[in-house]
Structures are given as structure tokens and as C-alpha cells.
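Trainee: Take this structure, written in C-alpha cells, and hold onto it; I'll ask about it next.
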Amino acid sequence: MEDLIKRAAQDLAEAKNVAALTGAGISVESGIPPFRGKGGLWEKIDPMEYAHIDAFMRDPVKVWNVLIKEMKDIVDQAQPNAAHKGLVRLEKLGKLKTIITQNVDGLHQLAGSTDVIEFHGNFAWQRCMDCDRRLKTRNVDMSQIPPHCECGGIFRPDCVFFGELIPPQHLSRSQLAAAQCDVMLVIGTSAVVQPASYIPVISKEAGARVIEINPERTPLTGAVSDYLITGKAGEVTGRIVAELERLL
Ligand code: NAD
Ligand code: ZN
């Protein structure tokens with residue numbers, strides 16, 4: 001692992017435009033469980049029964065109670081970890097330009113990253129399904145589930161469910177960032193959810209170096225990524241940035 005950390009620091013030292021694609025794994029050290037993998041939510045519940053828009057439309061109470069409430073409590077208390085902070089440092093060093101995150105926890109912004117594309121939206125906001133009014137999650141009255149808007153409509157989280165489209169402006173900005181970077185860091189994503197998993201492929205095809213940080217192999221490993229640094233996001237990212245600062 002030591003050699004790969006040095007190699008990543010070297011690649012970053014030479015890079016002018018770094019982008020990052022992050023997934024649930026980057027927030028595991030902040031206490032938020034991922035969906036897939038060890039300890040993931042999917043071990044307990046079936047995603048198609050709770051995270052699909054059709055499931056929400058059919059039975060919003062059920063989805064609100066299980067998935068959203070469980071996630072909300074966890075997300076509310078979470079703080080950025082060494083990986084989120086490492087990416088902030090990488091931006092301050094003039095290397096990292098854009099983070100494309102699949103996470104809905106807002107931890108990159110809380111850490112201080114300034115250009116974050118929230119590919120799958122955010123849990124911090126709710127949207128009325130009837131009048132489209134948006135309200136901060138913490139200001140939504142949760143005494144009744146599902147929570148209701150003044151107009152009588154039901155609030156839904158302002159994030160992308162399975163079966164829904166990525167907002168087109170997020171998709172196009174992400175594709176641009178992926179095509180323009182010379183290093184793409186892929187941190188803590190299982191790379192099986194489309195179209196997010198296609199982002200590193202765009203970078204690869206445009207000639208960028210693709211570096212993965214994950215305790216486990218993914219479909220990108222050995223196919224799209226140049227190398228995988230096997231380990232936890234916080235620990236690995238922290239060490240890479242420390243090594244990079246030594247080089248600069
Ligand atoms: P995923 O749950 O499918 O995969 C998690 C990945 O993280 C796995 O590859 C796992 O090996 C890796 N991982 C586990 N612990 C890690 C650690 N300490 N450091 C680095 N990597 C680690 O996550 P995904 O690929 O992001 O896709 C699932 C979808 O679930 C996303 O679209 C996202 O919207 C949503 N989600 C978000 C959150 C969040 O906001 N924190 C949490 C759960 C799920
Ligand atoms: Zn309304």
C-alpha cells in the first residue's frame with residue numbers, strides 16, 4: 001500500500017485538474033452505513049422495495065418510516081471525516097476542481113469543498129409532490145408520517161430515487177468535469193449504480209489517470225482504474241495528501 005500511496009501523490013503532484021467521484025464508502029468513517037457491502041443497509045432491506053420511486057408512490061408511509069427516517073437520523077449527526085477533509089485540502093492546494101458525489105449527506109460541503117455536484121440530490125431538503133415547494137428537512141414537521149405540506153401534498157426527499165432521472169444539468173456538468181480532468185479519484189463507490197459508474201470511464205477515455213480508493217475491488221478495478229489502493233477512504237486519502245504536501 002505504501003508504494004501506491006507514493007504513486008498517487010506523484011500523480012497528483014503532476015496533475016493540473018483533479019476530479020473526484022465519491023460514493024457511500026467515503027462517509028462510512030463518519031458513521032453512515034453504505035447500501036452495499038459489509039454492514040450495508042441492503043443486507044437488511046430490499047432496495048427495490050424502499051428506494052424505488054414506484055415504491056414511494058405506492059406506499060409513501062412505508063418508505064418514509066423505514067428508509068428515510070433511518071437515514072435521516074444517521075445523516076443529521078454525521079461529521080466529515082479525514083477523507084472529506086483531505087479533498088478540501090486538495091482543493092486548497094489548487095489541484096482538485098470538482099467533486100461529483102453520489103451521496104446525499106452533504107458532508108463534502110460541510111467539510112468546506114466548494115464545487116460539489118450532488119448527482120443524486122440531498123437529504124437536507126424536502127420537496128412537496130403537489131406544489132413543488134422546497135423546505136429544509138430540519139424545518140419539516142415530522143410528527144405525522146408522511147410529512148405534509150401546507151397545501152396538503154406529501155413531502156418527498158429532494159434526492160434521486162431508483163427509477164428517476166439524474167437532473168440533466170448535473171449530468172452534463174459531471175460529464176464535462178470527467179472529460180477535462182487529468183486525474184480522477186474514485187473513492188468509496190461500488191460503481192454499480194448507473195449512470196454514476198460511467199463517469200470514470202469518460203475520464204479514462206479522455207486520457208486521465210483513474211485512481212480507486214476502496215477496501216474492496218469493484219467492476220472498475222483492473223478494467224477502468226489504473227490502480228486500486230485497498231483501504232479505508234479517510235486513512236488512505238489523509239496519507240496521500242500528506243505525501244503530496246511533502247512533494248510540493
Ligand atoms: P454503495 O453502498 O453501493 O457502495 C459502497 C462502497 O464503499 C463499496 O464499494 C464498499 O466497498 C466501499 N466502502 C466501504 N467502506 C469504505 C471505507 N471506509 N472507505 C472507502 N470505501 C468503503 O455506494 P455507492 O456506490 O455510493 O452507491 C449507492 C447509492 O446509495 C448512492 O447513489 C448514494 O446516493 C446512496 N447512499 C448514500 C449515502 C450517503 O449519503 N452517505 C449512504 C448510503 C447510500
Ligand atoms: Zn405543497
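Quick note on naming: the chains in the C-alpha cells go A, B, ... in the order shown, residues restart at 1 in each chain, and ligands are numbered from 1 in order of appearance.
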Hey, which residues sit close to ligand 2? Say within 9 Å, counting only C-alpha atoms and all ligand atoms, and write them as a list in words.

Mentor: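 Here is the list of contacting residues: Arg127, Cys128, Met129, Asp130, Cys131, Asp132, Arg133, Arg134, His148, Cys149, Glu150, Cys151, Gly152, Gly153, Ile154 and Phe155 of chain A.
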
Trainee: So that I have them on file, write out the residues from the current selection with all heavy atoms, as a short mmCIF file (atom, residue, chain, number, x, y, z; two decimals), in the first residue's frame.

Mentor:
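again-v8.cif was written with the following content:
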data_model
loop_
_atom_site.label_atom_id
_atom_site.label_comp_id
_atom_site.auth_asym_id
_atom_site.auth_seq_id
_atom_site.Cartn_x
_atom_site.Cartn_y
_atom_site.Cartn_z
N ARG A 127 -39.22 18.14 -0.80
CA ARG A 127 -39.98 18.81 -1.87
C ARG A 127 -41.42 18.31 -1.84
O ARG A 127 -41.66 17.11 -1.71
CB ARG A 127 -39.32 18.47 -3.21
CG ARG A 127 -39.84 19.26 -4.37
CD ARG A 127 -38.98 19.01 -5.60
NE ARG A 127 -39.37 17.80 -6.30
CZ ARG A 127 -38.55 16.85 -6.71
NH1 ARG A 127 -37.27 16.94 -6.50
NH2 ARG A 127 -39.00 15.80 -7.34
N CYS A 128 -42.38 19.25 -1.94
CA CYS A 128 -43.78 18.86 -1.96
C CYS A 128 -44.11 18.25 -3.32
O CYS A 128 -43.78 18.82 -4.36
CB CYS A 128 -44.68 20.06 -1.69
SG CYS A 128 -46.42 19.67 -1.97
N MET A 129 -44.76 17.11 -3.30
CA MET A 129 -45.06 16.42 -4.55
C MET A 129 -46.19 17.08 -5.33
O MET A 129 -46.37 16.80 -6.51
CB MET A 129 -45.38 14.95 -4.28
CG MET A 129 -44.15 14.22 -3.75
SD MET A 129 -44.44 12.49 -3.40
CE MET A 129 -44.54 11.83 -5.03
N ASP A 130 -46.95 17.96 -4.66
CA ASP A 130 -48.05 18.63 -5.36
C ASP A 130 -47.65 20.02 -5.86
O ASP A 130 -47.83 20.34 -7.02
CB ASP A 130 -49.28 18.74 -4.45
CG ASP A 130 -50.00 17.41 -4.35
OD1 ASP A 130 -49.57 16.48 -5.06
OD2 ASP A 130 -50.96 17.29 -3.56
N CYS A 131 -47.12 20.87 -4.93
CA CYS A 131 -46.87 22.26 -5.35
C CYS A 131 -45.39 22.55 -5.58
O CYS A 131 -45.03 23.67 -5.93
CB CYS A 131 -47.45 23.24 -4.33
SG CYS A 131 -46.52 23.31 -2.79
N ASP A 132 -44.51 21.55 -5.37
CA ASP A 132 -43.07 21.71 -5.65
C ASP A 132 -42.34 22.61 -4.65
O ASP A 132 -41.18 22.94 -4.87
CB ASP A 132 -42.83 22.24 -7.07
CG ASP A 132 -42.38 21.13 -8.00
OD1 ASP A 132 -42.09 20.03 -7.49
OD2 ASP A 132 -42.33 21.36 -9.22
N ARG A 133 -43.03 23.03 -3.58
CA ARG A 133 -42.36 23.86 -2.57
C ARG A 133 -41.22 23.06 -1.93
O ARG A 133 -41.37 21.87 -1.66
CB ARG A 133 -43.37 24.26 -1.48
CG ARG A 133 -42.83 25.25 -0.46
CD ARG A 133 -43.99 25.88 0.31
NE ARG A 133 -44.49 25.00 1.36
CZ ARG A 133 -44.20 25.13 2.65
NH1 ARG A 133 -43.42 26.10 3.06
NH2 ARG A 133 -44.70 24.31 3.55
N ARG A 134 -40.07 23.74 -1.74
CA ARG A 134 -38.94 23.07 -1.09
C ARG A 134 -38.76 23.61 0.32
O ARG A 134 -38.94 24.80 0.57
CB ARG A 134 -37.66 23.28 -1.89
CG ARG A 134 -37.64 22.48 -3.18
CD ARG A 134 -36.48 22.84 -4.08
NE ARG A 134 -35.26 22.14 -3.75
CZ ARG A 134 -34.15 22.71 -3.29
NH1 ARG A 134 -34.10 24.00 -3.09
NH2 ARG A 134 -33.08 21.98 -3.03
N HIS A 148 -46.56 16.36 5.69
CA HIS A 148 -47.38 17.05 4.69
C HIS A 148 -47.02 18.52 4.56
O HIS A 148 -46.62 19.16 5.52
CB HIS A 148 -48.87 16.95 5.07
CG HIS A 148 -49.47 15.64 4.71
ND1 HIS A 148 -49.30 14.51 5.48
CD2 HIS A 148 -50.22 15.26 3.64
CE1 HIS A 148 -49.94 13.49 4.90
NE2 HIS A 148 -50.49 13.92 3.79
N CYS A 149 -47.19 19.03 3.36
CA CYS A 149 -47.01 20.45 3.04
C CYS A 149 -48.29 21.19 3.42
O CYS A 149 -49.35 20.58 3.60
CB CYS A 149 -46.74 20.53 1.54
SG CYS A 149 -46.74 22.16 0.83
N GLU A 150 -48.18 22.51 3.52
CA GLU A 150 -49.37 23.33 3.82
C GLU A 150 -50.50 23.09 2.83
O GLU A 150 -51.68 23.20 3.15
CB GLU A 150 -49.01 24.83 3.78
CG GLU A 150 -48.18 25.28 4.94
CD GLU A 150 -47.55 26.65 4.69
OE1 GLU A 150 -47.76 27.22 3.59
OE2 GLU A 150 -46.83 27.12 5.58
N CYS A 151 -50.12 22.77 1.58
CA CYS A 151 -51.13 22.60 0.52
C CYS A 151 -51.81 21.24 0.62
O CYS A 151 -52.73 20.95 -0.14
CB CYS A 151 -50.47 22.77 -0.85
SG CYS A 151 -49.62 21.30 -1.44
N GLY A 152 -51.32 20.39 1.52
CA GLY A 152 -51.92 19.06 1.67
C GLY A 152 -51.13 17.97 0.97
O GLY A 152 -51.37 16.78 1.18
N GLY A 153 -50.17 18.37 0.12
CA GLY A 153 -49.35 17.40 -0.60
C GLY A 153 -48.35 16.71 0.33
O GLY A 153 -48.13 17.16 1.46
N ILE A 154 -47.76 15.63 -0.15
CA ILE A 154 -46.79 14.87 0.65
C ILE A 154 -45.38 15.34 0.32
O ILE A 154 -45.05 15.59 -0.84
CB ILE A 154 -46.93 13.36 0.33
CG1 ILE A 154 -48.25 12.83 0.89
CG2 ILE A 154 -45.76 12.56 0.90
CD1 ILE A 154 -48.54 11.39 0.47
N PHE A 155 -44.55 15.50 1.37
CA PHE A 155 -43.14 15.83 1.13
C PHE A 155 -42.36 14.58 0.76
O PHE A 155 -42.56 13.51 1.33
CB PHE A 155 -42.51 16.46 2.39
CG PHE A 155 -42.74 17.93 2.49
CD1 PHE A 155 -43.44 18.46 3.57
CD2 PHE A 155 -42.24 18.80 1.52
CE1 PHE A 155 -43.64 19.84 3.66
CE2 PHE A 155 -42.44 20.17 1.61
CZ PHE A 155 -43.14 20.69 2.68
#

Trainee: If you run DSSP over the backbone, which residues in range 63-178 of chain A end up strand (DSSP E or B)? Put them as an MDAnalysis selection string.

Mentor: chainID A and resid 96:101 116:118 121:128 134:136 148 154:159 162

Trainee: I'd like the neighbourhood of Asp158 in chain A as a compact mmCIF listing (two decimals) with N, CA, C and O atoms, in the first residue's frame, where a residue qualifies if any of its atoms comes within 10 Å (using only C-alpha atoms), though same-chain residues fewer than 6 positions away should be ignored.

Mentor:
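Dumped to around11.txt:
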# COMPACT_ATOMS: atom_id res chain seq x y z
N VAL A 104 -25.91 11.73 -0.40
CA VAL A 104 -26.98 12.70 -0.14
C VAL A 104 -26.80 13.30 1.25
O VAL A 104 -27.70 13.91 1.80
N HIS A 120 -27.07 12.69 -6.93
CA HIS A 120 -28.33 12.08 -6.51
C HIS A 120 -29.13 12.97 -5.55
O HIS A 120 -29.98 12.49 -4.82
N GLY A 121 -28.84 14.27 -5.57
CA GLY A 121 -29.60 15.19 -4.73
C GLY A 121 -29.12 15.19 -3.29
O GLY A 121 -28.00 14.76 -3.00
N ASN A 122 -29.97 15.67 -2.38
CA ASN A 122 -29.57 15.84 -0.99
C ASN A 122 -30.74 15.57 -0.04
O ASN A 122 -31.88 15.90 -0.34
N PHE A 123 -30.39 15.00 1.11
CA PHE A 123 -31.39 14.72 2.14
C PHE A 123 -31.77 15.95 2.94
O PHE A 123 -32.74 15.93 3.69
N ALA A 124 -30.98 17.00 2.80
CA ALA A 124 -31.19 18.20 3.62
C ALA A 124 -32.46 18.94 3.21
O ALA A 124 -32.95 19.79 3.94
N TRP A 125 -32.97 18.63 2.02
CA TRP A 125 -34.15 19.32 1.51
C TRP A 125 -35.28 18.34 1.22
O TRP A 125 -35.04 17.20 0.82
N GLN A 126 -36.50 18.81 1.41
CA GLN A 126 -37.69 18.04 1.04
C GLN A 126 -38.46 18.85 0.00
O GLN A 126 -38.35 20.07 -0.04
N ARG A 127 -39.22 18.14 -0.80
CA ARG A 127 -39.98 18.81 -1.87
C ARG A 127 -41.42 18.31 -1.84
O ARG A 127 -41.66 17.11 -1.71
N CYS A 128 -42.38 19.25 -1.94
CA CYS A 128 -43.78 18.86 -1.96
C CYS A 128 -44.11 18.25 -3.32
O CYS A 128 -43.78 18.82 -4.36
N ARG A 134 -40.07 23.74 -1.74
CA ARG A 134 -38.94 23.07 -1.09
C ARG A 134 -38.76 23.61 0.32
O ARG A 134 -38.94 24.80 0.57
N LEU A 135 -38.44 22.69 1.24
CA LEU A 135 -38.29 23.08 2.64
C LEU A 135 -37.10 22.29 3.21
O LEU A 135 -36.89 21.12 2.87
N LYS A 136 -36.30 22.96 4.06
CA LYS A 136 -35.20 22.28 4.73
C LYS A 136 -35.76 21.13 5.57
O LYS A 136 -36.74 21.31 6.29
N THR A 137 -35.11 19.96 5.49
CA THR A 137 -35.60 18.78 6.20
C THR A 137 -35.80 19.07 7.68
O THR A 137 -36.78 18.64 8.28

Trainee: Find the residues near Arg7 in chain A: any atom within 12 Å, counting only C-alpha atoms, skip ones fewer than 3 places away on the same chain, and give them as a PDB file with C-alpha atoms, in the first residue's frame.

Mentor:
ATOM      1  CA  MET A   1       0.000   0.000   0.000  1.00  0.00           C
ATOM      2  CA  GLU A   2       2.862   2.394   0.810  1.00  0.00           C
ATOM      3  CA  ASP A   3       4.114   2.283  -2.794  1.00  0.00           C
ATOM      4  CA  LEU A   4       0.675   3.029  -4.172  1.00  0.00           C
ATOM      5  CA  GLN A  10       3.216  11.650  -7.505  1.00  0.00           C
ATOM      6  CA  ASP A  11       0.301  11.505  -9.971  1.00  0.00           C
ATOM      7  CA  LEU A  12      -1.436  14.307  -8.076  1.00  0.00           C
ATOM      8  CA  ALA A  13       1.748  16.392  -7.943  1.00  0.00           C
ATOM      9  CA  GLU A  14       1.917  16.292 -11.740  1.00  0.00           C
ATOM     10  CA  ARG A 209      -5.367   8.575 -14.758  1.00  0.00           C
ATOM     11  CA  ILE A 211      -7.208   6.024  -9.080  1.00  0.00           C
ATOM     12  CA  ASP A 226      -5.136   2.387 -13.308  1.00  0.00           C
ATOM     13  CA  TYR A 227      -4.756   1.091  -9.776  1.00  0.00           C
ATOM     14  CA  LEU A 228      -6.737   0.399  -6.605  1.00  0.00           C
ATOM     15  CA  ILE A 229      -5.464   1.492  -3.213  1.00  0.00           C
ATOM     16  CA  ARG A 239      -1.897   9.728   3.813  1.00  0.00           C
ATOM     17  CA  ILE A 240      -1.916  10.606   0.096  1.00  0.00           C
ATOM     18  CA  VAL A 241      -2.466  14.296   0.814  1.00  0.00           C
ATOM     19  CA  GLU A 243       2.674  12.720   0.999  1.00  0.00           C
ATOM     20  CA  LEU A 244       1.639  15.188  -1.710  1.00  0.00           C
ATOM     21  CA  LEU A 247       6.381  16.669  -2.640  1.00  0.00           C
TER      22      LEU A 247
END

Trainee: I want to know what sits within 9 Å of Lys16 in chain A, based on only C-alpha atoms, with residues of the same chain fewer than 5 positions away left out; could you give that as a PyMOL selection string?

Mentor: chain A and resi 94-96+181-183
